[in-house]
file upload-v3.cif (mmCIF, C-alpha atoms)
data_upload
loop_
_atom_site.label_atom_id
_atom_site.label_comp_id
_atom_site.auth_asym_id
_atom_site.auth_seq_id
_atom_site.Cartn_x
_atom_site.Cartn_y
_atom_site.Cartn_z
CA MET A 1 44.25 48.34 -28.62
CA TYR A 2 43.03 47.60 -25.11
CA ARG A 3 40.12 45.70 -26.58
CA TYR A 4 42.44 43.53 -28.61
CA VAL A 5 44.65 42.74 -25.58
CA PHE A 6 41.58 42.09 -23.45
CA PHE A 7 40.13 39.78 -26.14
CA VAL A 8 43.38 37.77 -26.44
CA LEU A 9 43.66 37.56 -22.66
CA CYS A 10 40.07 36.19 -22.41
CA ILE A 11 40.76 33.57 -25.07
CA ALA A 12 43.96 32.49 -23.34
CA ILE A 13 42.18 32.15 -20.02
CA SER A 14 39.33 30.14 -21.55
CA PHE A 15 41.79 27.68 -23.15
CA SER A 16 43.67 27.24 -19.90
CA VAL A 17 40.42 26.64 -17.97
CA ASN A 18 39.20 24.04 -20.47
CA ALA A 19 42.56 22.30 -20.42
CA GLN A 20 42.14 21.75 -16.67
CA ASN A 21 38.94 19.71 -17.19
CA TYR A 22 40.66 16.79 -18.93
CA PRO A 23 42.12 13.98 -16.85
CA LYS A 24 45.87 14.00 -16.56
CA TYR A 25 46.29 10.23 -16.67
CA LYS A 26 44.50 7.82 -18.92
CA THR A 27 44.41 4.11 -18.32
CA THR A 28 43.99 1.92 -21.34
CA ARG A 29 44.38 -1.40 -19.57
CA VAL A 30 41.10 -3.08 -18.64
CA LYS A 31 42.72 -4.96 -15.76
CA ASP A 32 43.21 -1.71 -13.86
CA THR A 33 39.52 -0.78 -13.92
CA VAL A 34 37.65 -4.08 -13.47
CA PHE A 35 37.52 -5.89 -10.15
CA THR A 36 37.03 -9.61 -10.03
CA GLN A 37 33.96 -10.93 -8.25
CA PRO A 38 34.46 -13.45 -5.49
CA GLU A 39 33.38 -16.94 -6.40
CA LYS A 40 30.15 -18.16 -4.86
CA THR A 41 30.57 -20.73 -2.17
CA ASP A 42 28.06 -23.42 -1.30
CA ASP A 43 26.94 -21.48 1.80
CA ILE A 44 26.01 -18.42 -0.26
CA ILE A 45 24.13 -20.49 -2.84
CA ILE A 46 22.14 -22.31 -0.13
CA ALA A 47 21.27 -19.00 1.59
CA GLU A 48 20.07 -17.46 -1.69
CA THR A 49 17.78 -20.39 -2.47
CA GLN A 50 16.34 -20.38 1.04
CA LEU A 51 15.49 -16.69 0.75
CA ALA A 52 13.92 -17.06 -2.67
CA GLU A 53 11.77 -20.06 -1.74
CA GLU A 54 10.00 -18.70 1.34
CA PRO A 55 6.52 -20.25 1.21
CA LYS A 56 3.31 -18.34 1.80
CA SER A 57 1.47 -19.07 4.99
CA GLU A 58 -1.86 -20.87 4.96
CA PHE A 59 -3.56 -17.63 6.03
CA ASP A 60 -2.04 -15.71 3.10
CA GLU A 61 -3.21 -18.32 0.62
CA LEU A 62 -6.75 -18.39 2.03
CA PHE A 63 -6.95 -14.61 2.23
CA GLU A 64 -5.77 -14.15 -1.35
CA LYS A 65 -8.17 -16.79 -2.65
CA ALA A 66 -11.10 -15.17 -0.82
CA ARG A 67 -10.11 -11.71 -2.02
CA GLN A 68 -9.97 -12.91 -5.63
CA LEU A 69 -13.40 -14.52 -5.27
CA ALA A 70 -14.78 -11.25 -3.90
CA VAL A 71 -13.33 -9.34 -6.85
CA ALA A 72 -14.95 -11.91 -9.16
CA LYS A 73 -18.27 -11.24 -7.35
CA GLU A 74 -18.47 -14.77 -5.95
CA PHE A 75 -19.47 -13.37 -2.57
CA LYS A 76 -20.89 -16.50 -0.90
CA GLN A 77 -17.78 -18.54 -1.69
CA ALA A 78 -15.58 -15.66 -0.57
CA ILE A 79 -17.43 -15.45 2.76
CA THR A 80 -16.85 -19.16 3.36
CA ILE A 81 -13.12 -18.81 2.76
CA PHE A 82 -12.92 -15.57 4.80
CA ASN A 83 -14.46 -17.57 7.67
CA GLU A 84 -11.64 -20.13 7.40
CA ALA A 85 -9.02 -17.38 7.15
CA LEU A 86 -10.42 -15.59 10.21
CA VAL A 87 -9.84 -18.68 12.38
CA ILE A 88 -6.09 -18.74 11.61
CA SER A 89 -5.60 -15.01 11.09
CA PRO A 90 -2.75 -13.22 12.84
CA PRO A 91 -4.10 -10.53 15.18
CA GLU A 92 -2.85 -7.68 12.97
CA ASN A 93 -4.90 -8.97 10.00
CA GLU A 94 -8.22 -9.72 11.71
CA TYR A 95 -9.67 -6.28 11.01
CA LEU A 96 -8.94 -6.64 7.29
CA VAL A 97 -10.61 -10.07 7.08
CA LEU A 98 -13.67 -8.71 8.91
CA LEU A 99 -13.80 -5.64 6.68
CA LEU A 100 -13.67 -7.65 3.46
CA ARG A 101 -16.13 -10.25 4.73
CA GLY A 102 -18.42 -7.40 5.74
CA ASN A 103 -18.09 -5.95 2.25
CA CYS A 104 -19.20 -9.30 0.81
CA TYR A 105 -22.25 -9.31 3.11
CA PHE A 106 -22.95 -5.73 2.06
CA SER A 107 -22.88 -6.72 -1.61
CA LEU A 108 -25.34 -9.52 -0.85
CA LYS A 109 -27.55 -6.96 0.96
CA GLU A 110 -27.21 -8.87 4.23
CA PHE A 111 -26.86 -5.68 6.24
CA ASP A 112 -27.18 -7.17 9.74
CA GLN A 113 -24.19 -9.46 9.16
CA CYS A 114 -22.05 -6.74 7.62
CA ILE A 115 -22.85 -4.33 10.47
CA SER A 116 -21.88 -7.10 12.89
CA ASP A 117 -18.54 -7.63 11.12
CA TYR A 118 -17.74 -3.91 10.99
CA THR A 119 -18.65 -3.47 14.66
CA ARG A 120 -16.57 -6.48 15.68
CA ALA A 121 -13.61 -5.13 13.72
CA LEU A 122 -13.97 -1.72 15.41
CA GLU A 123 -14.37 -3.06 18.93
CA GLU A 124 -12.36 -6.28 19.11
CA THR A 125 -9.38 -5.89 16.79
CA LYS A 126 -6.26 -3.78 16.82
CA LEU A 127 -6.51 -1.22 14.03
CA PRO A 128 -3.21 -0.17 12.43
CA HIS A 129 -4.20 3.50 11.97
CA GLU A 130 -7.06 5.98 12.23
CA ASN A 131 -7.87 5.70 8.55
CA ALA A 132 -8.77 2.01 9.05
CA LYS A 133 -11.20 3.08 11.76
CA GLY A 134 -12.63 5.70 9.41
CA ASN A 135 -13.11 3.18 6.60
CA LEU A 136 -14.88 0.75 8.92
CA CYS A 137 -17.15 3.52 10.23
CA MET A 138 -17.91 4.71 6.72
CA MET A 139 -18.88 1.20 5.59
CA ARG A 140 -20.96 0.62 8.72
CA GLY A 141 -22.68 3.97 8.13
CA LEU A 142 -23.49 2.94 4.56
CA ALA A 143 -24.93 -0.33 5.85
CA TYR A 144 -27.08 1.51 8.40
CA GLY A 145 -28.28 3.83 5.64
CA SER A 146 -29.12 0.91 3.39
CA ARG A 147 -30.87 -1.07 6.11
CA ASP A 148 -33.07 1.91 7.00
CA GLY A 149 -34.40 0.51 10.27
CA GLU A 150 -35.38 2.28 13.48
CA GLY A 151 -32.49 4.39 14.76
CA ASP A 152 -30.36 3.61 11.74
CA LYS A 153 -30.34 7.21 10.47
CA GLU A 154 -28.75 8.47 13.71
CA ARG A 155 -26.19 5.61 13.71
CA LYS A 156 -25.42 6.28 10.06
CA CYS A 157 -24.84 9.99 10.69
CA ALA A 158 -22.63 9.24 13.71
CA ASP A 159 -20.48 6.81 11.72
CA ILE A 160 -20.17 9.16 8.74
CA ALA A 161 -19.09 11.94 11.14
CA ILE A 162 -16.36 9.65 12.56
CA ALA A 163 -15.25 8.78 9.02
CA ARG A 164 -14.95 12.51 8.22
CA ALA A 165 -13.06 13.20 11.45
CA THR A 166 -10.50 10.46 10.74
CA GLY A 167 -9.97 11.62 7.16
CA ALA A 168 -11.42 8.53 5.48
CA LEU A 169 -14.17 10.60 3.90
CA GLY A 170 -12.97 13.92 2.54
CA GLY A 171 -14.53 16.86 0.78
CA ASP A 172 -17.60 18.84 1.63
CA ARG A 173 -20.88 17.29 2.63
CA SER A 174 -21.74 14.61 0.17
CA VAL A 175 -24.64 12.37 -0.69
CA LEU A 176 -23.60 10.09 2.17
CA ASP A 177 -24.40 12.62 4.86
CA ALA A 178 -26.89 14.84 3.05
CA ASP A 179 -29.78 13.86 5.33
CA CYS A 180 -27.71 14.27 8.53
CA ASP A 181 -28.06 17.39 10.64
#
call {"tool": "encode", "arguments": {"input": "upload-v3.cif", "output": "structure tokens"}}
result
Amino acid sequence: MYRYVFFVLCIAISFSVNAQNYPKYKTTRVKDTVFTQPEKTDDIIIAETQLAEEPKSEFDELFEKARQLAVAKEFKQAITIFNEALVISPPENEYLVLLLRGNCYFSLKEFDQCISDYTRALEETKLPHENAKGNLCMMRGLAYGSRDGEGDKERKCADIAIARATGALGGDRSVLDADCD
């Protein structure tokens, strides 16, 4: 008997709880739920077109063209355009132009020029973060290792150590620093 009363009581409570979940008032008129948008004035239309049509700077166009040439492995043409871009480069982008131009020299196996670009980027430009410094040091270390001149092994090892310290080169000792002490 108690089970039956308890069962009926549970069912009654569950129906009353579910009944509470439904909204009390329903609106069937669309006008009550949709807001009208303000009409666009001439000032808003002019502002939208000005924002959408912001032209690229001459530096951006040159940089992008040189980068695409480098990706297409047209390194000599890319270097020429990177030279033009470097002249008009904003100070915050100089390191990137020097890095990519150095990479082009590296691909052409002109190691003295690429070492010069990496060193100039490290010493004369403002780097945005430590990882940029690490990448430049890693690339300069690779160039020293490829050039294989007098004192290059020590310079290579020093640059690879800086790249590891800045986090640009992770993992355990790799092929890059296998011959370093």
call {"tool": "residues_near_point", "arguments": {"input": "upload-v3.cif", "point": "(-2.8, -14.5, 8.4)", "cutoff": "9 Å", "atoms": "all atoms listed in the file", "output": "PyMOL selection string"}}
result
chain A and resi 57-63+85-86+88-94
call {"tool": "write_last_selection", "arguments": {"input": "upload-v3.cif", "atoms": "C-alpha atoms", "output": "mmCIF file, in the coordinates of the input"}}
result
data_model
loop_
_atom_site.group_PDB
_atom_site.id
_atom_site.type_symbol
_atom_site.label_atom_id
_atom_site.label_comp_id
_atom_site.auth_asym_id
_atom_site.auth_seq_id
_atom_site.Cartn_x
_atom_site.Cartn_y
_atom_site.Cartn_z
ATOM 1 C CA SER A 57 1.470 -19.070 4.990
ATOM 2 C CA GLU A 58 -1.860 -20.870 4.960
ATOM 3 C CA PHE A 59 -3.560 -17.630 6.030
ATOM 4 C CA ASP A 60 -2.040 -15.710 3.100
ATOM 5 C CA GLU A 61 -3.210 -18.320 0.620
ATOM 6 C CA LEU A 62 -6.750 -18.390 2.030
ATOM 7 C CA PHE A 63 -6.950 -14.610 2.230
ATOM 8 C CA ALA A 85 -9.020 -17.380 7.150
ATOM 9 C CA LEU A 86 -10.420 -15.590 10.210
ATOM 10 C CA ILE A 88 -6.090 -18.740 11.610
ATOM 11 C CA SER A 89 -5.600 -15.010 11.090
ATOM 12 C CA PRO A 90 -2.750 -13.220 12.840
ATOM 13 C CA PRO A 91 -4.100 -10.530 15.180
ATOM 14 C CA GLU A 92 -2.850 -7.680 12.970
ATOM 15 C CA ASN A 93 -4.900 -8.970 10.000
ATOM 16 C CA GLU A 94 -8.220 -9.720 11.710
#
call {"tool": "residues_around", "arguments": {"input": "upload-v3.cif", "residues": "Glu154 (chain A)", "least_positions_apart": "5", "cutoff": "12 Å", "atoms": "only C-alpha atoms", "output": "list in words"}}
result
Gly141, Leu142, Tyr144, Gly145, Asp148, Gly149, Asp159, Ile160, Ala161, Asp177, Asp179, Cys180 and Asp181 of chain A
call {"tool": "atom_distance", "arguments": {"input": "upload-v3.cif", "atom1": "CA of Asn131 (chain A)", "atom2": "CA of Leu176 (chain A)"}}
result
17.5 Å
call {"tool": "closest_residue", "arguments": {"input": "upload-v3.cif", "among": "A:Leu69, A:Ile81, A:Ala158, A:Ala163", "to": "Met138 (chain A)", "atoms": "all atoms listed in the file"}}
result
A:Ala163
call {"tool": "closest_residue", "arguments": {"input": "upload-v3.cif", "among": "A:Thr80, A:Thr166, A:Ser116, A:Ser146", "to": "Glu130 (chain A)", "atoms": "all atoms listed in the file"}}
result
A:Thr166
call {"tool": "closest_residue", "arguments": {"input": "upload-v3.cif", "among": "A:Glu64, A:Glu84, A:Glu110, A:Glu74", "to": "Arg147 (chain A)", "atoms": "only C-alpha atoms"}}
result
A:Glu110
call {"tool": "closest_residue", "arguments": {"input": "upload-v3.cif", "among": "A:Arg140, A:Lys133, A:Lys76, A:Arg67", "to": "Val97 (chain A)", "atoms": "only C-alpha atoms"}}
result
A:Arg67
call {"tool": "atom_distance", "arguments": {"input": "upload-v3.cif", "atom1": "CA of Cys104 (chain A)", "atom2": "CA of Phe75 (chain A)"}}
result
5.3 Å
call {"tool": "resolve_selection", "arguments": {"input": "upload-v3.cif", "expression": "the PyMOL selection byres ((chain A and resi 124) around 12)", "output": "PyMOL selection string"}}
result
chain A and resi 91-92+94-95+98+116-123+125-127+133
call {"tool": "atom_distance", "arguments": {"input": "upload-v3.cif", "atom1": "CA of Asp152 (chain A)", "atom2": "CA of Leu99 (chain A)"}}
result
19.6 Å
call {"tool": "closest_residue", "arguments": {"input": "upload-v3.cif", "among": "A:Ala66, A:Cys137, A:Leu96, A:Cys114", "to": "Ala78 (chain A)", "atoms": "only C-alpha atoms"}}
result
A:Ala66
call {"tool": "decode", "arguments": {"input": "upload-v3.cif", "residues": "region 122-138 of chain A", "atoms": "all heavy atoms", "output": "CSV table (one decimal), in the first residue's frame"}}
result
chain,number,residue,atom,x,y,z
A,122,LEU,N,70.6,40.2,-36.4
A,122,LEU,CA,70.8,40.0,-34.9
A,122,LEU,C,71.3,41.3,-34.2
A,122,LEU,O,70.9,41.6,-33.1
A,122,LEU,CB,71.8,38.8,-34.7
A,122,LEU,CG,71.2,37.5,-34.9
A,122,LEU,CD1,72.3,36.4,-34.9
A,122,LEU,CD2,70.2,37.1,-33.7
A,123,GLU,N,72.2,42.0,-34.9
A,123,GLU,CA,72.9,43.1,-34.2
A,123,GLU,C,72.2,44.5,-34.5
A,123,GLU,O,72.3,45.3,-33.6
A,123,GLU,CB,74.3,43.2,-34.7
A,123,GLU,CG,75.1,42.0,-34.2
A,123,GLU,CD,76.6,41.9,-34.7
A,123,GLU,OE1,76.9,42.8,-35.6
A,123,GLU,OE2,77.3,41.0,-34.4
A,124,GLU,N,71.6,44.7,-35.6
A,124,GLU,CA,71.1,46.0,-36.0
A,124,GLU,C,69.6,46.2,-36.0
A,124,GLU,O,69.1,47.3,-36.1
A,124,GLU,CB,71.7,46.4,-37.3
A,124,GLU,CG,73.2,46.4,-37.4
A,124,GLU,CD,73.7,46.7,-38.8
A,124,GLU,OE1,72.9,47.1,-39.7
A,124,GLU,OE2,74.9,46.6,-39.0
A,125,THR,N,68.8,45.1,-35.8
A,125,THR,CA,67.4,45.3,-35.9
A,125,THR,C,66.8,45.0,-34.5
A,125,THR,O,67.4,44.3,-33.7
A,125,THR,CB,66.8,44.3,-37.0
A,125,THR,OG1,67.0,43.0,-36.6
A,125,THR,CG2,67.3,44.6,-38.3
A,126,LYS,N,65.5,45.4,-34.4
A,126,LYS,CA,64.8,45.1,-33.2
A,126,LYS,C,64.0,43.8,-33.4
A,126,LYS,O,63.2,43.7,-34.3
A,126,LYS,CB,63.8,46.3,-32.9
A,126,LYS,CG,63.0,46.1,-31.6
A,126,LYS,CD,62.1,47.3,-31.4
A,126,LYS,CE,61.4,47.2,-30.1
A,126,LYS,NZ,60.2,46.3,-30.2
A,127,LEU,N,64.3,42.8,-32.6
A,127,LEU,CA,63.7,41.5,-32.8
A,127,LEU,C,62.4,41.5,-31.9
A,127,LEU,O,62.4,42.0,-30.8
A,127,LEU,CB,64.6,40.4,-32.4
A,127,LEU,CG,65.9,40.3,-33.2
A,127,LEU,CD1,66.8,39.3,-32.6
A,127,LEU,CD2,65.7,40.0,-34.6
A,128,PRO,N,61.3,40.9,-32.5
A,128,PRO,CA,60.1,41.0,-31.7
A,128,PRO,C,60.0,40.0,-30.5
A,128,PRO,O,59.2,40.3,-29.6
A,128,PRO,CB,59.0,40.6,-32.8
A,128,PRO,CG,59.8,39.7,-33.7
A,128,PRO,CD,61.2,40.3,-33.8
A,129,HIS,N,60.8,39.0,-30.5
A,129,HIS,CA,60.8,38.0,-29.4
A,129,HIS,C,62.1,37.1,-29.5
A,129,HIS,O,62.8,37.2,-30.4
A,129,HIS,CB,59.5,37.1,-29.5
A,129,HIS,CG,59.2,36.6,-30.8
A,129,HIS,ND1,59.9,35.6,-31.5
A,129,HIS,CD2,58.3,37.0,-31.7
A,129,HIS,CE1,59.5,35.4,-32.7
A,129,HIS,NE2,58.4,36.2,-32.9
A,130,GLU,N,62.3,36.4,-28.4
A,130,GLU,CA,63.5,35.6,-28.3
A,130,GLU,C,63.5,34.4,-29.4
A,130,GLU,O,64.6,34.0,-29.8
A,130,GLU,CB,63.6,34.9,-26.9
A,130,GLU,CG,64.0,35.9,-25.8
A,130,GLU,CD,65.5,36.4,-26.1
A,130,GLU,OE1,66.4,35.5,-26.2
A,130,GLU,OE2,65.7,37.6,-26.1
A,131,ASN,N,62.4,34.0,-29.8
A,131,ASN,CA,62.3,32.9,-30.8
A,131,ASN,C,62.9,33.4,-32.1
A,131,ASN,O,63.5,32.6,-32.8
A,131,ASN,CB,60.9,32.4,-30.9
A,131,ASN,CG,60.9,31.0,-31.6
A,131,ASN,OD1,61.9,30.3,-31.7
A,131,ASN,ND2,59.7,30.6,-32.0
A,132,ALA,N,62.7,34.7,-32.4
A,132,ALA,CA,63.3,35.2,-33.7
A,132,ALA,C,64.8,35.2,-33.6
A,132,ALA,O,65.5,34.9,-34.5
A,132,ALA,CB,62.7,36.7,-33.9
A,133,LYS,N,65.3,35.6,-32.4
A,133,LYS,CA,66.7,35.5,-32.2
A,133,LYS,C,67.2,34.1,-32.4
A,133,LYS,O,68.3,33.8,-33.0
A,133,LYS,CB,67.1,36.1,-30.8
A,133,LYS,CG,68.6,36.0,-30.5
A,133,LYS,CD,68.8,36.5,-29.1
A,133,LYS,CE,70.3,36.4,-28.7
A,133,LYS,NZ,70.6,36.8,-27.4
A,134,GLY,N,66.5,33.1,-31.8
A,134,GLY,CA,66.9,31.7,-31.9
A,134,GLY,C,66.9,31.2,-33.3
A,134,GLY,O,67.8,30.5,-33.7
A,135,ASN,N,65.9,31.6,-34.1
A,135,ASN,CA,65.8,31.2,-35.5
A,135,ASN,C,67.0,31.8,-36.3
A,135,ASN,O,67.6,31.1,-37.1
A,135,ASN,CB,64.5,31.6,-36.1
A,135,ASN,CG,63.4,30.7,-35.7
A,135,ASN,OD1,63.6,29.6,-35.4
A,135,ASN,ND2,62.2,31.3,-35.6
A,136,LEU,N,67.3,33.1,-36.1
A,136,LEU,CA,68.5,33.7,-36.8
A,136,LEU,C,69.8,33.0,-36.4
A,136,LEU,O,70.6,32.7,-37.2
A,136,LEU,CB,68.5,35.2,-36.4
A,136,LEU,CG,67.5,36.0,-37.2
A,136,LEU,CD1,67.4,37.4,-36.5
A,136,LEU,CD2,67.8,36.2,-38.6
A,137,CYS,N,69.9,32.7,-35.1
A,137,CYS,CA,71.2,32.0,-34.7
A,137,CYS,C,71.2,30.6,-35.2
A,137,CYS,O,72.3,30.1,-35.6
A,137,CYS,CB,71.2,31.9,-33.1
A,137,CYS,SG,71.6,33.5,-32.4
A,138,MET,N,70.1,29.9,-35.3
A,138,MET,CA,70.1,28.6,-35.9
A,138,MET,C,70.5,28.6,-37.3
A,138,MET,O,71.3,27.8,-37.8
A,138,MET,CB,68.7,27.9,-35.7
A,138,MET,CG,68.7,26.5,-36.3
A,138,MET,SD,67.0,25.8,-36.1
A,138,MET,CE,66.0,26.8,-37.1
